[in-house]
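Heads up, structure01.csv below (CSV, C-alpha atoms):
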```csv
chain,number,residue,atom,x,y,z
Z,1,ASP,CA,0.0,0.0,0.0
Z,2,GLN,CA,1.6,3.2,-1.2
Z,3,GLN,CA,1.7,5.9,1.5
Z,4,VAL,CA,2.8,8.6,-0.9
Z,5,LYS,CA,1.1,8.8,-4.2
Z,6,GLN,CA,1.7,10.9,-7.3
Z,7,ASN,CA,-1.2,10.0,-9.6
Z,8,SER,CA,0.0,11.8,-12.7
Z,9,PRO,CA,3.0,10.0,-14.3
Z,10,SER,CA,3.6,12.9,-16.7
Z,11,LEU,CA,2.7,16.5,-17.4
Z,12,SER,CA,3.4,18.8,-20.3
Z,13,VAL,CA,3.4,22.6,-19.9
Z,14,GLN,CA,4.2,25.5,-22.3
Z,15,GLU,CA,7.2,27.6,-21.4
Z,16,GLY,CA,6.2,30.6,-19.2
Z,17,ARG,CA,3.0,29.0,-17.9
Z,18,ILE,CA,2.4,27.4,-14.5
Z,19,SER,CA,3.3,23.8,-13.7
Z,20,ILE,CA,1.3,22.2,-10.9
Z,21,LEU,CA,2.5,18.8,-9.6
Z,22,ASN,CA,0.3,17.0,-7.1
Z,23,CYS,CA,1.0,14.5,-4.3
Z,24,ASP,CA,-1.3,12.7,-1.9
Z,25,TYR,CA,-0.4,10.8,1.3
Z,26,THR,CA,-2.3,8.5,3.6
Z,27,ASN,CA,-0.3,8.5,6.8
Z,28,SER,CA,-1.5,11.3,9.1
Z,29,MET,CA,1.7,11.0,11.1
Z,30,PHE,CA,3.8,12.5,8.3
Z,31,ASP,CA,4.8,16.0,9.3
Z,32,TYR,CA,7.5,16.9,6.9
Z,33,PHE,CA,7.4,16.9,3.1
Z,34,LEU,CA,10.0,17.5,0.4
Z,35,TRP,CA,10.1,17.7,-3.3
Z,36,TYR,CA,13.1,16.3,-5.2
Z,37,LYS,CA,14.0,16.9,-8.9
Z,38,LYS,CA,15.8,14.3,-11.0
Z,39,TYR,CA,17.4,14.6,-14.3
Z,40,PRO,CA,18.3,11.6,-16.4
Z,41,ALA,CA,21.6,9.8,-15.3
Z,42,GLU,CA,21.7,11.9,-12.1
Z,43,GLY,CA,20.5,11.3,-8.6
Z,44,PRO,CA,17.5,13.2,-7.2
Z,45,THR,CA,18.3,16.6,-5.8
Z,46,PHE,CA,16.5,18.5,-3.0
Z,47,LEU,CA,14.2,21.2,-4.3
Z,48,ILE,CA,11.9,22.5,-1.6
Z,49,SER,CA,10.4,21.4,1.7
Z,50,ILE,CA,7.4,22.2,4.0
Z,51,SER,CA,6.6,21.4,7.6
Z,52,SER,CA,3.1,20.5,8.7
Z,53,ILE,CA,2.9,23.6,10.8
Z,54,LYS,CA,2.8,25.6,7.5
Z,55,ASP,CA,0.5,25.6,4.6
Z,56,LYS,CA,2.8,27.3,2.1
Z,57,ASN,CA,6.5,27.6,1.4
Z,58,GLU,CA,8.0,29.7,-1.4
Z,59,ASP,CA,11.5,29.7,-2.9
Z,60,GLY,CA,11.8,31.8,-6.0
Z,61,ARG,CA,9.8,30.2,-8.8
Z,62,PHE,CA,8.9,27.2,-6.7
Z,63,THR,CA,6.0,27.2,-4.1
Z,64,VAL,CA,4.8,24.2,-2.2
Z,65,PHE,CA,1.3,24.1,-0.8
Z,66,LEU,CA,0.1,21.7,2.0
Z,67,ASN,CA,-3.5,20.9,2.7
Z,68,LYS,CA,-3.3,18.7,5.9
Z,69,SER,CA,-7.1,18.0,6.0
Z,70,ALA,CA,-7.0,16.6,2.5
Z,71,LYS,CA,-3.5,15.0,3.0
Z,72,HIS,CA,-2.5,16.7,-0.2
Z,73,LEU,CA,0.4,18.8,-1.3
Z,74,SER,CA,1.3,20.5,-4.6
Z,75,LEU,CA,4.3,22.0,-6.2
Z,76,HIS,CA,3.8,25.1,-8.3
Z,77,ILE,CA,6.5,26.3,-10.7
Z,78,VAL,CA,5.9,29.8,-12.1
Z,79,PRO,CA,7.0,30.6,-14.8
Z,80,SER,CA,8.0,27.2,-16.1
Z,81,GLN,CA,11.3,27.0,-18.0
Z,82,PRO,CA,12.6,24.3,-20.4
Z,83,GLY,CA,15.3,23.5,-17.8
Z,84,ASP,CA,12.6,22.5,-15.4
Z,85,SER,CA,12.0,19.4,-17.5
Z,86,ALA,CA,12.7,16.5,-15.1
Z,87,VAL,CA,11.1,13.9,-12.9
Z,88,TYR,CA,9.7,15.3,-9.7
Z,89,PHE,CA,9.4,13.2,-6.6
Z,90,CYS,CA,7.4,14.0,-3.5
Z,91,ALA,CA,8.6,12.6,-0.2
Z,92,ALA,CA,7.2,12.5,3.4
Z,93,SER,CA,8.7,11.8,6.8
Z,94,GLU,CA,7.8,11.6,10.5
Z,95,ARG,CA,10.3,13.7,12.2
Z,96,ASP,CA,10.0,12.2,15.6
Z,97,SER,CA,9.8,8.6,14.5
Z,98,GLY,CA,13.3,7.8,15.6
Z,99,THR,CA,14.3,6.8,12.1
Z,100,TYR,CA,15.7,8.9,9.2
Z,101,LYS,CA,13.2,7.5,6.7
Z,102,TYR,CA,11.6,9.4,3.8
Z,103,ILE,CA,8.8,7.7,1.9
Z,104,PHE,CA,8.8,8.6,-1.8
Z,105,GLY,CA,6.1,8.7,-4.5
Z,106,THR,CA,6.5,7.3,-8.0
Z,107,GLY,CA,7.4,10.6,-9.5
Z,108,THR,CA,5.9,12.9,-12.2
Z,109,ARG,CA,7.8,13.6,-15.4
Z,110,LEU,CA,7.4,17.2,-16.3
Z,111,LYS,CA,8.1,18.4,-19.8
Z,112,VAL,CA,8.3,22.1,-20.4
Z,113,LEU,CA,7.8,22.9,-24.1
Z,114,ALA,CA,9.7,25.9,-25.6
X,1,GLU,CA,35.7,14.8,-4.7
X,2,THR,CA,32.5,16.1,-3.0
X,3,GLY,CA,29.0,14.7,-2.5
X,4,VAL,CA,28.0,11.1,-2.9
X,5,THR,CA,29.8,9.0,-5.5
X,6,GLN,CA,28.5,5.6,-6.8
X,7,THR,CA,30.4,3.1,-8.8
X,8,PRO,CA,30.0,1.6,-11.3
X,9,ARG,CA,27.5,3.7,-13.1
X,10,HIS,CA,26.2,0.8,-15.2
X,11,LEU,CA,26.4,-3.0,-14.5
X,12,VAL,CA,25.3,-6.0,-16.4
X,13,MET,CA,25.5,-9.3,-14.6
X,14,GLY,CA,24.3,-12.8,-15.1
X,15,MET,CA,22.1,-14.5,-12.6
X,16,THR,CA,24.9,-16.6,-11.2
X,17,ASN,CA,27.4,-13.8,-10.8
X,18,LYS,CA,28.6,-12.0,-7.7
X,19,LYS,CA,29.1,-8.3,-7.9
X,20,SER,CA,29.3,-5.3,-5.5
X,21,LEU,CA,28.0,-1.7,-5.8
X,22,LYS,CA,30.1,0.9,-4.0
X,23,CYS,CA,29.0,4.2,-2.5
X,24,GLU,CA,31.3,6.9,-1.0
X,25,GLN,CA,30.3,10.1,0.7
X,26,HIS,CA,32.6,13.1,1.4
X,27,LEU,CA,30.1,15.1,3.3
X,28,GLY,CA,30.8,14.0,6.9
X,29,HIS,CA,27.3,12.5,7.2
X,30,ASN,CA,26.5,9.9,9.8
X,31,ALA,CA,23.7,8.0,8.0
X,32,MET,CA,23.7,6.2,4.7
X,33,TYR,CA,20.9,4.5,2.7
X,34,TRP,CA,20.3,2.2,-0.3
X,35,TYR,CA,17.2,2.8,-2.4
X,36,LYS,CA,15.9,0.9,-5.4
X,37,GLN,CA,14.1,2.7,-8.2
X,38,SER,CA,12.2,0.4,-10.6
X,39,ALA,CA,10.1,1.7,-13.5
X,40,LYS,CA,6.7,3.1,-12.4
X,41,LYS,CA,7.4,2.4,-8.8
X,42,PRO,CA,8.3,4.6,-5.9
X,43,LEU,CA,11.9,4.8,-4.6
X,44,GLU,CA,12.0,1.8,-2.3
X,45,LEU,CA,14.1,2.0,0.8
X,46,MET,CA,16.3,-1.1,1.2
X,47,PHE,CA,18.7,-0.4,4.0
X,48,VAL,CA,19.6,2.3,6.5
X,49,TYR,CA,22.9,2.6,8.3
X,50,SER,CA,23.3,5.0,11.1
X,51,LEU,CA,26.8,5.4,12.6
X,52,GLU,CA,27.8,2.3,10.7
X,53,GLU,CA,25.1,0.2,12.3
X,54,ARG,CA,22.3,-1.2,10.2
X,55,VAL,CA,19.1,0.2,11.7
X,56,GLU,CA,16.7,-0.9,9.0
X,57,ASN,CA,16.3,-3.7,6.6
X,58,ASN,CA,13.0,-3.4,4.7
X,59,SER,CA,12.3,-7.1,4.0
X,60,VAL,CA,15.0,-7.2,1.3
X,61,PRO,CA,15.8,-10.7,-0.1
X,62,SER,CA,19.1,-12.1,1.2
X,63,ARG,CA,20.6,-12.0,-2.3
X,64,PHE,CA,21.2,-8.4,-1.4
X,65,SER,CA,23.8,-7.9,1.3
X,66,PRO,CA,24.8,-4.5,2.6
X,67,GLU,CA,28.1,-3.6,4.2
X,68,CYS,CA,29.1,-0.4,5.9
X,69,PRO,CA,32.8,-0.6,7.0
X,70,ASN,CA,33.0,3.1,8.0
X,71,SER,CA,30.8,6.2,8.0
X,72,SER,CA,32.1,7.2,4.5
X,73,HIS,CA,31.6,3.9,2.6
X,74,LEU,CA,28.6,1.7,1.8
X,75,PHE,CA,28.5,-1.4,-0.3
X,76,LEU,CA,25.7,-3.5,-1.7
X,77,HIS,CA,26.9,-7.1,-2.4
X,78,LEU,CA,24.8,-8.9,-5.1
X,79,HIS,CA,24.6,-12.6,-5.5
X,80,THR,CA,22.3,-14.8,-7.7
X,81,LEU,CA,20.0,-12.0,-8.6
X,82,GLN,CA,16.9,-12.3,-10.7
X,83,PRO,CA,15.9,-10.4,-13.8
X,84,GLU,CA,13.3,-8.5,-11.8
X,85,ASP,CA,16.1,-7.0,-9.7
X,86,SER,CA,17.1,-4.9,-12.7
X,87,ALA,CA,16.7,-1.3,-11.6
X,88,LEU,CA,18.5,1.9,-10.6
X,89,TYR,CA,20.2,1.5,-7.2
X,90,LEU,CA,20.6,4.8,-5.4
X,91,CYS,CA,22.8,5.5,-2.5
X,92,ALA,CA,22.1,8.5,-0.2
X,93,SER,CA,23.5,10.0,2.9
X,94,SER,CA,22.3,12.4,5.6
X,95,GLN,CA,23.4,14.0,8.9
X,96,GLY,CA,20.8,12.3,11.0
X,97,TRP,CA,17.3,13.4,10.2
X,98,THR,CA,17.5,16.5,8.2
X,99,GLY,CA,14.9,18.9,6.8
X,100,TYR,CA,16.9,18.9,3.6
X,101,GLY,CA,16.4,15.2,3.1
X,102,TYR,CA,19.2,13.2,1.6
X,103,THR,CA,22.1,13.8,-0.7
X,104,PHE,CA,21.8,11.2,-3.4
X,105,GLY,CA,24.5,9.7,-5.6
X,106,SER,CA,23.9,9.3,-9.4
X,107,GLY,CA,23.0,5.7,-9.0
X,108,THR,CA,24.1,2.4,-10.6
X,109,ARG,CA,21.9,1.1,-13.4
X,110,LEU,CA,21.8,-2.7,-12.9
X,111,THR,CA,20.7,-5.1,-15.6
X,112,VAL,CA,20.4,-8.8,-14.7
X,113,VAL,CA,20.4,-11.1,-17.7
```
How would this structure read if it were set down as structure tokens?
Amino acid sequence: DQQVKQNSPSLSVQEGRISILNCDYTNSMFDYFLWYKKYPAEGPTFLISISSIKDKNEDGRFTVFLNKSAKHLSLHIVPSQPGDSAVYFCAASERDSGTYKYIFGTGTRLKVLA
Amino acid sequence: ETGVTQTPRHLVMGMTNKKSLKCEQHLGHNAMYWYKQSAKKPLELMFVYSLEERVENNSVPSRFSPECPNSSHLFLHLHTLQPEDSALYLCASSQGWTGYGYTFGSGTRLTVV
């Protein structure tokens, strides 16, 4: 049973428009969430995070929104650029669980069209 | 070198072979991880080492055997694998639990024939 789900395997967006990537989770004990970005032939790299005490975190063109009641988070990229084309993974963790574990989703492949 | 380095980048092995994947981190982190990435599946946590002690083994078959000789090095020994074990194997490290997650290596693309 997947605890973190990314139901859209792929997304295509025109350059300059907004990209919205979605992630749902089932474990209400998760209290910290991250987005990773992965280019082909490279490992995932940290992009942005959000704690459960917040509902929004912004870093430049990237904003993550958290809806705890819906157990849903989303990553907004505005404006989208061709260099943003990559696979985006959502990950979740329980900070006080005593382990260092992050649970990942299956990823969404974003393609930004020039 | 900086970051997390994995070797080899690509590996093709037969089902009766024995091979090892190597991971080295130059970040001074105290925890290291093996993840498996198969097509259309989430990254699956295989093993966690904290301070060179294995703290988690996620029901991984015994044909995968990890080794952590020191805080900078992590190995994954492979023996009599199956074709369904073909995947991208990612190593990661962290300084305990961190809000920045892990630092990943580039992975080893393993093909079992």
task: With a distance cut-off of 7 Å and all atoms listed in the file, select the neighbouring residues of stretch 69-84 of chain Z, excluding the residue or stretch itself and same-chain residues fewer than 3 positions from it, and output the selection as a PyMOL selection string.
output: chain Z and resi 15-26+61-66+112-114
query: How many Å lie between atom CA of X:Gln82 and atom CA of X:Met15, rounded to one decimal?
result: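 If I compute the distance from atom CA of X:Gln82 to atom CA of X:Met15, I get 6.0 Å.
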message: Let me make sure I understand: among X:Arg109, X:Arg63, X:Arg9, X:Lys40, which one has the smallest atom-to-atom distance to Z:Gly107 if we use all atoms listed in the file?
response: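 Closest residue, counting all atoms listed in the file: X:Lys40.
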field: Among listed residues Z:Gly43, Z:Lys101, Z:Ser49, Z:Lys5, nearest X:Leu88 (using all atoms listed in the file)
entry: Z:Gly43
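Atom to atom, atom CA of Z:Glu42 and atom CA of X:Gln95 stand 21.2 Å apart.
Here atom CA of Z:Cys90 is placed at a distance of 21.6 Å from atom CA of X:Glu56.
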query: Would you list which chain X residues are within 7 Å of chain Z using all atoms listed in the file, as number ranges by chain?
result: X: 40-43, 96-97, 100-101, 103-107
- request: Select, from X:Met32, X:Leu78, X:Val113, X:Met13, the residue with the minimum atom-to-atom distance to X:Ser62, counting only C-alpha atoms.
  value: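 Using only C-alpha atoms, X:Ser62 sits closest to X:Leu78.
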message: Please list as a PyMOL selection string every residue within 12 Å of X:His10, counting all atoms listed in the file and excluding residues in the same chain fewer than 4 positions away.
response: (chain Z and resi 41) or (chain X and resi 6+20-22+86-90+106-112)
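When only C-alpha atoms are used to compute distances to X:Glu84, the closest of the residues X:Cys68, X:Leu45, X:Ala39, X:Leu51 turns out to be X:Ala39.
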message: So that I can check the surroundings of X:Asn57, please list as a PyMOL selection string every protein, DNA and RNA residue that reaches within 12 Å of it, counting all atoms listed in the file and ignoring chain neighbours fewer than 6 positions away.
response: (chain Z and resi 101) or (chain X and resi 33-35+44-49+64-66)
